[in-house]
Amino acid sequence: MRRSPILACAAALALALTPAAAQTPLPFADEDAIRRSVAFLIDRTNNDPMGSLPEYVQTKRVTSVNSETIVTGWDALVTQTRGQQSGAGSFSMVAGRLDIVPMGDDHALVVAPFTMYYRVNGSLVNVPGSMTLAYERTEGGWKILHEHYSQGLDEQTRRRLSNAGRGVTGADLLRLVLLGIGGTSSQLVGALSSMLQSQGCTAR
């Protein structure tokens, strides 16, 4: 039976509160396999989202959470990923340090920060985020059973940015400036000025 994301998070929190001495580290080969899987996942996310699918458990138990969107089951995950294919190359995702915590012999939790880079009218805007990946050992190796991504801005602006600036309004970038999210002040102000001066740009 698939565990709910709430129960999974509660289990992860309980594990995090367990003294480090009580946790048995993953064997090097397992940790290395998971690190390589995450690296491949990010590369495919940036360049060929459909190519990332082999990294997941291909059953109805797989789940994906991206901001407020929850996807459950392999078929739904494929559909979601296919919809992201057209956006490949419009952004770049870079992960920070990976913390890998074992959860028994056949499961592990990966927690890491990441940064999304978007090019908007010639200006580079970077948005911070965080992710958790729950891995399961399978006959085909370590596979993702659950993933959760969060970014430091509202969903509407994130979707506009993911379209490489198409439809991004001055108000969207103003929110980034006010929130202090991503880039230097001059980069964000420059991007905002460019958007306000571009034809068809309207503030809400």
# chains A, B, ... in the order shown; residues from 1 in each chain; ligands from 1

$ residues_around --residues "range 88-98 of chain A" --least-positions-apart "3" --cutoff "10 Å" --atoms "only C-alpha atoms" --output "MDAnalysis selection string"
chainID A and resid 34:35 38:39 42:50 84:85 101 109:120 124:132 161:165

$ atom_distance --atom1 "CA of Glu147 in chain A" --atom2 "CA of Leu77 in chain A"
11.0 Å

$ select_by_dssp --residues "range 79-146 of chain A" --states "helix (DSSP H, G or I)" --output "NGL selection string"
:A and (79-87)

$ select_by_dssp --residues "range 37-136 of chain A" --states "strand (DSSP E or B)" --output "PyMOL selection string"
chain A and resi 56+63-66+69-72+91-95+99-102+107-120+123-136

$ write_last_selection --atoms "N, CA and C atoms" --output "compact mmCIF listing (two decimals), in the first residue's frame"
# COMPACT_ATOMS: atom_id res chain seq x y z
N TYR A 56 12.96 6.16 -12.38
CA TYR A 56 11.82 6.03 -11.45
C TYR A 56 11.32 4.59 -11.35
N THR A 63 5.28 8.51 -6.82
CA THR A 63 4.59 9.79 -6.64
C THR A 63 5.55 10.95 -6.89
N SER A 64 4.99 12.07 -7.33
CA SER A 64 5.78 13.27 -7.60
C SER A 64 5.01 14.49 -7.13
N VAL A 65 5.70 15.36 -6.39
CA VAL A 65 5.09 16.61 -5.90
C VAL A 65 5.96 17.77 -6.35
N ASN A 66 5.35 18.70 -7.06
CA ASN A 66 6.06 19.90 -7.51
C ASN A 66 5.21 21.10 -7.14
N THR A 69 1.31 20.70 -7.08
CA THR A 69 0.87 19.63 -7.97
C THR A 69 1.31 18.26 -7.45
N ILE A 70 0.37 17.35 -7.30
CA ILE A 70 0.66 15.99 -6.85
C ILE A 70 0.31 15.02 -7.97
N VAL A 71 1.27 14.20 -8.36
CA VAL A 71 1.08 13.20 -9.41
C VAL A 71 1.29 11.83 -8.80
N THR A 72 0.36 10.92 -9.04
CA THR A 72 0.43 9.59 -8.46
C THR A 72 0.35 8.53 -9.55
N PHE A 91 15.60 26.39 -19.32
CA PHE A 91 16.10 26.66 -17.97
C PHE A 91 17.26 25.70 -17.70
N SER A 92 17.94 25.95 -16.60
CA SER A 92 19.01 25.06 -16.18
C SER A 92 18.90 24.84 -14.68
N MET A 93 18.88 23.58 -14.27
CA MET A 93 18.78 23.23 -12.86
C MET A 93 20.15 22.74 -12.37
N VAL A 94 20.61 23.31 -11.28
CA VAL A 94 21.90 22.92 -10.70
C VAL A 94 21.68 22.55 -9.24
N ALA A 95 22.07 21.34 -8.86
CA ALA A 95 21.88 20.89 -7.48
C ALA A 95 23.07 21.26 -6.61
N ASP A 99 22.58 15.33 0.61
CA ASP A 99 22.63 14.60 1.87
C ASP A 99 21.82 13.32 1.68
N ILE A 100 22.47 12.17 1.83
CA ILE A 100 21.83 10.88 1.61
C ILE A 100 21.70 10.16 2.94
N VAL A 101 20.46 9.88 3.34
CA VAL A 101 20.18 9.25 4.62
C VAL A 101 19.57 7.88 4.38
N PRO A 102 20.16 6.81 4.89
CA PRO A 102 19.57 5.48 4.71
C PRO A 102 18.28 5.34 5.51
N HIS A 107 15.94 1.40 1.24
CA HIS A 107 15.42 2.73 0.95
C HIS A 107 16.40 3.79 1.43
N ALA A 108 16.39 4.93 0.77
CA ALA A 108 17.27 6.04 1.15
C ALA A 108 16.59 7.35 0.78
N LEU A 109 16.88 8.38 1.57
CA LEU A 109 16.32 9.71 1.34
C LEU A 109 17.43 10.67 0.93
N VAL A 110 17.21 11.37 -0.17
CA VAL A 110 18.15 12.40 -0.64
C VAL A 110 17.52 13.76 -0.40
N VAL A 111 18.24 14.64 0.26
CA VAL A 111 17.80 16.02 0.48
C VAL A 111 18.86 16.95 -0.06
N ALA A 112 18.45 17.93 -0.88
CA ALA A 112 19.44 18.82 -1.49
C ALA A 112 18.81 20.15 -1.89
N PRO A 113 19.60 21.21 -1.82
CA PRO A 113 19.14 22.49 -2.39
C PRO A 113 19.41 22.47 -3.90
N PHE A 114 18.72 23.32 -4.62
CA PHE A 114 19.03 23.48 -6.04
C PHE A 114 18.74 24.91 -6.45
N THR A 115 19.26 25.28 -7.61
CA THR A 115 19.00 26.61 -8.18
C THR A 115 18.51 26.43 -9.60
N MET A 116 17.43 27.13 -9.93
CA MET A 116 16.92 27.15 -11.30
C MET A 116 17.38 28.46 -11.95
N TYR A 117 17.96 28.36 -13.13
CA TYR A 117 18.41 29.53 -13.88
C TYR A 117 17.52 29.72 -15.09
N TYR A 118 16.91 30.92 -15.20
CA TYR A 118 16.05 31.25 -16.32
C TYR A 118 16.65 32.45 -17.05
N ARG A 119 16.59 32.43 -18.38
CA ARG A 119 17.03 33.58 -19.17
C ARG A 119 15.77 34.34 -19.59
N VAL A 120 15.63 35.58 -19.13
CA VAL A 120 14.46 36.39 -19.42
C VAL A 120 14.90 37.66 -20.12
N SER A 123 18.44 38.64 -19.63
CA SER A 123 18.93 38.70 -18.25
C SER A 123 18.75 37.34 -17.58
N LEU A 124 19.74 36.94 -16.80
CA LEU A 124 19.69 35.66 -16.12
C LEU A 124 19.09 35.83 -14.73
N VAL A 125 18.01 35.13 -14.47
CA VAL A 125 17.35 35.17 -13.17
C VAL A 125 17.49 33.80 -12.53
N ASN A 126 18.01 33.73 -11.32
CA ASN A 126 18.14 32.45 -10.65
C ASN A 126 17.21 32.37 -9.44
N VAL A 127 16.58 31.21 -9.30
CA VAL A 127 15.57 31.00 -8.27
C VAL A 127 15.98 29.81 -7.41
N PRO A 128 16.07 29.98 -6.10
CA PRO A 128 16.48 28.88 -5.22
C PRO A 128 15.34 27.90 -4.99
N GLY A 129 15.70 26.68 -4.64
CA GLY A 129 14.70 25.67 -4.34
C GLY A 129 15.29 24.56 -3.50
N SER A 130 14.48 23.58 -3.20
CA SER A 130 14.95 22.41 -2.45
C SER A 130 14.21 21.19 -2.95
N MET A 131 14.83 20.02 -2.79
CA MET A 131 14.20 18.79 -3.26
C MET A 131 14.48 17.65 -2.31
N THR A 132 13.55 16.70 -2.28
CA THR A 132 13.77 15.43 -1.58
C THR A 132 13.42 14.32 -2.56
N LEU A 133 14.24 13.29 -2.55
CA LEU A 133 14.04 12.13 -3.41
C LEU A 133 14.09 10.88 -2.54
N ALA A 134 13.04 10.10 -2.56
CA ALA A 134 13.03 8.83 -1.83
C ALA A 134 13.37 7.71 -2.80
N TYR A 135 14.48 7.04 -2.55
CA TYR A 135 14.95 5.97 -3.43
C TYR A 135 14.61 4.60 -2.85
N GLU A 136 14.36 3.66 -3.75
CA GLU A 136 14.10 2.27 -3.36
C GLU A 136 15.02 1.35 -4.15

$ atom_distance --atom1 "CA of Pro27 in chain A" --atom2 "CA of Glu139 in chain A"
17.1 Å

$ atom_distance --atom1 "CA of Leu145 in chain A" --atom2 "CA of Ser37 in chain A"
12.7 Å

$ decode --residues "range 9-113 of chain A" --atoms "C-alpha atoms" --output "PDB file, in the first residue's frame"
ATOM      1  CA  CYS A   9       7.531  13.199   5.646  1.00  0.00           C
ATOM      2  CA  ALA A  10       6.754  12.237   9.241  1.00  0.00           C
ATOM      3  CA  ALA A  11       8.926   9.149   8.907  1.00  0.00           C
ATOM      4  CA  ALA A  12      11.725  11.201   7.407  1.00  0.00           C
ATOM      5  CA  LEU A  13      11.509  13.711  10.251  1.00  0.00           C
ATOM      6  CA  ALA A  14      11.624  10.953  12.851  1.00  0.00           C
ATOM      7  CA  LEU A  15      14.671   9.513  11.144  1.00  0.00           C
ATOM      8  CA  ALA A  16      16.366  12.891  11.063  1.00  0.00           C
ATOM      9  CA  LEU A  17      15.915  13.197  14.826  1.00  0.00           C
ATOM     10  CA  THR A  18      17.562   9.817  15.425  1.00  0.00           C
ATOM     11  CA  PRO A  19      21.121  10.144  16.780  1.00  0.00           C
ATOM     12  CA  ALA A  20      23.683   9.870  13.987  1.00  0.00           C
ATOM     13  CA  ALA A  21      25.404   6.994  15.758  1.00  0.00           C
ATOM     14  CA  ALA A  22      22.230   4.916  15.450  1.00  0.00           C
ATOM     15  CA  GLN A  23      22.124   5.289  11.669  1.00  0.00           C
ATOM     16  CA  THR A  24      24.104   2.819   9.601  1.00  0.00           C
ATOM     17  CA  PRO A  25      25.675   4.554   6.573  1.00  0.00           C
ATOM     18  CA  LEU A  26      24.903   3.200   3.143  1.00  0.00           C
ATOM     19  CA  PRO A  27      27.633   1.084   1.565  1.00  0.00           C
ATOM     20  CA  PHE A  28      29.800   3.203  -0.736  1.00  0.00           C
ATOM     21  CA  ALA A  29      28.570   1.402  -3.859  1.00  0.00           C
ATOM     22  CA  ASP A  30      24.926   2.171  -3.002  1.00  0.00           C
ATOM     23  CA  GLU A  31      25.587   5.820  -2.192  1.00  0.00           C
ATOM     24  CA  ASP A  32      27.621   6.218  -5.375  1.00  0.00           C
ATOM     25  CA  ALA A  33      24.811   4.670  -7.430  1.00  0.00           C
ATOM     26  CA  ILE A  34      22.296   7.113  -5.943  1.00  0.00           C
ATOM     27  CA  ARG A  35      24.564  10.109  -6.575  1.00  0.00           C
ATOM     28  CA  ARG A  36      24.996   9.053 -10.197  1.00  0.00           C
ATOM     29  CA  SER A  37      21.238   8.631 -10.523  1.00  0.00           C
ATOM     30  CA  VAL A  38      20.605  12.161  -9.211  1.00  0.00           C
ATOM     31  CA  ALA A  39      23.213  13.600 -11.581  1.00  0.00           C
ATOM     32  CA  PHE A  40      21.606  11.814 -14.524  1.00  0.00           C
ATOM     33  CA  LEU A  41      18.131  12.913 -13.408  1.00  0.00           C
ATOM     34  CA  ILE A  42      19.168  16.583 -13.368  1.00  0.00           C
ATOM     35  CA  ASP A  43      20.950  16.338 -16.718  1.00  0.00           C
ATOM     36  CA  ARG A  44      17.868  14.794 -18.338  1.00  0.00           C
ATOM     37  CA  THR A  45      15.560  17.308 -16.620  1.00  0.00           C
ATOM     38  CA  ASN A  46      17.566  20.104 -18.242  1.00  0.00           C
ATOM     39  CA  ASN A  47      17.925  18.567 -21.692  1.00  0.00           C
ATOM     40  CA  ASP A  48      15.501  15.691 -22.265  1.00  0.00           C
ATOM     41  CA  PRO A  49      12.834  15.210 -19.553  1.00  0.00           C
ATOM     42  CA  MET A  50      11.486  11.998 -21.092  1.00  0.00           C
ATOM     43  CA  GLY A  51      14.975  10.549 -20.771  1.00  0.00           C
ATOM     44  CA  SER A  52      14.710  10.843 -16.974  1.00  0.00           C
ATOM     45  CA  LEU A  53      11.908   8.264 -16.716  1.00  0.00           C
ATOM     46  CA  PRO A  54      14.182   5.196 -16.346  1.00  0.00           C
ATOM     47  CA  GLU A  55      15.285   6.605 -12.985  1.00  0.00           C
ATOM     48  CA  TYR A  56      11.824   6.034 -11.454  1.00  0.00           C
ATOM     49  CA  VAL A  57       9.990   3.043 -10.039  1.00  0.00           C
ATOM     50  CA  GLN A  58       7.624   2.182 -12.878  1.00  0.00           C
ATOM     51  CA  THR A  59       4.551   1.232 -10.832  1.00  0.00           C
ATOM     52  CA  LYS A  60       1.417   2.880  -9.455  1.00  0.00           C
ATOM     53  CA  ARG A  61       3.341   3.467  -6.200  1.00  0.00           C
ATOM     54  CA  VAL A  62       5.529   6.234  -7.647  1.00  0.00           C
ATOM     55  CA  THR A  63       4.592   9.792  -6.641  1.00  0.00           C
ATOM     56  CA  SER A  64       5.777  13.268  -7.603  1.00  0.00           C
ATOM     57  CA  VAL A  65       5.091  16.607  -5.900  1.00  0.00           C
ATOM     58  CA  ASN A  66       6.057  19.902  -7.515  1.00  0.00           C
ATOM     59  CA  SER A  67       4.841  22.892  -5.502  1.00  0.00           C
ATOM     60  CA  GLU A  68       1.077  22.280  -5.226  1.00  0.00           C
ATOM     61  CA  THR A  69       0.867  19.631  -7.967  1.00  0.00           C
ATOM     62  CA  ILE A  70       0.664  15.985  -6.853  1.00  0.00           C
ATOM     63  CA  VAL A  71       1.076  13.204  -9.415  1.00  0.00           C
ATOM     64  CA  THR A  72       0.427   9.588  -8.460  1.00  0.00           C
ATOM     65  CA  GLY A  73       1.284   6.492 -10.488  1.00  0.00           C
ATOM     66  CA  TRP A  74       3.560   5.663 -13.400  1.00  0.00           C
ATOM     67  CA  ASP A  75       1.090   6.585 -16.164  1.00  0.00           C
ATOM     68  CA  ALA A  76       0.437  10.007 -14.646  1.00  0.00           C
ATOM     69  CA  LEU A  77       4.163  10.590 -14.216  1.00  0.00           C
ATOM     70  CA  VAL A  78       4.779   9.796 -17.887  1.00  0.00           C
ATOM     71  CA  THR A  79       2.003  12.197 -18.909  1.00  0.00           C
ATOM     72  CA  GLN A  80       3.419  14.969 -16.728  1.00  0.00           C
ATOM     73  CA  THR A  81       6.948  14.428 -18.036  1.00  0.00           C
ATOM     74  CA  ARG A  82       5.778  14.432 -21.649  1.00  0.00           C
ATOM     75  CA  GLY A  83       4.183  17.819 -21.016  1.00  0.00           C
ATOM     76  CA  GLN A  84       7.541  19.152 -19.765  1.00  0.00           C
ATOM     77  CA  GLN A  85       9.436  18.001 -22.844  1.00  0.00           C
ATOM     78  CA  SER A  86       8.761  21.172 -24.830  1.00  0.00           C
ATOM     79  CA  GLY A  87      10.353  23.271 -22.079  1.00  0.00           C
ATOM     80  CA  ALA A  88      13.707  21.488 -22.254  1.00  0.00           C
ATOM     81  CA  GLY A  89      16.537  23.963 -22.695  1.00  0.00           C
ATOM     82  CA  SER A  90      14.536  26.951 -21.432  1.00  0.00           C
ATOM     83  CA  PHE A  91      16.104  26.658 -17.973  1.00  0.00           C
ATOM     84  CA  SER A  92      19.012  25.056 -16.178  1.00  0.00           C
ATOM     85  CA  MET A  93      18.782  23.225 -12.856  1.00  0.00           C
ATOM     86  CA  VAL A  94      21.900  22.919 -10.702  1.00  0.00           C
ATOM     87  CA  ALA A  95      21.880  20.887  -7.480  1.00  0.00           C
ATOM     88  CA  GLY A  96      23.854  21.689  -4.364  1.00  0.00           C
ATOM     89  CA  ARG A  97      25.187  19.280  -1.772  1.00  0.00           C
ATOM     90  CA  LEU A  98      23.376  15.952  -1.590  1.00  0.00           C
ATOM     91  CA  ASP A  99      22.630  14.596   1.868  1.00  0.00           C
ATOM     92  CA  ILE A 100      21.830  10.885   1.609  1.00  0.00           C
ATOM     93  CA  VAL A 101      20.181   9.253   4.621  1.00  0.00           C
ATOM     94  CA  PRO A 102      19.572   5.478   4.712  1.00  0.00           C
ATOM     95  CA  MET A 103      16.072   4.316   5.629  1.00  0.00           C
ATOM     96  CA  GLY A 104      16.626   0.625   6.226  1.00  0.00           C
ATOM     97  CA  ASP A 105      18.420  -1.680   3.831  1.00  0.00           C
ATOM     98  CA  ASP A 106      16.386  -0.934   0.714  1.00  0.00           C
ATOM     99  CA  HIS A 107      15.417   2.730   0.951  1.00  0.00           C
ATOM    100  CA  ALA A 108      17.265   6.037   1.155  1.00  0.00           C
ATOM    101  CA  LEU A 109      16.319   9.705   1.337  1.00  0.00           C
ATOM    102  CA  VAL A 110      18.147  12.396  -0.641  1.00  0.00           C
ATOM    103  CA  VAL A 111      17.797  16.016   0.483  1.00  0.00           C
ATOM    104  CA  ALA A 112      19.439  18.821  -1.489  1.00  0.00           C
ATOM    105  CA  PRO A 113      19.140  22.485  -2.395  1.00  0.00           C
TER     106      PRO A 113
END
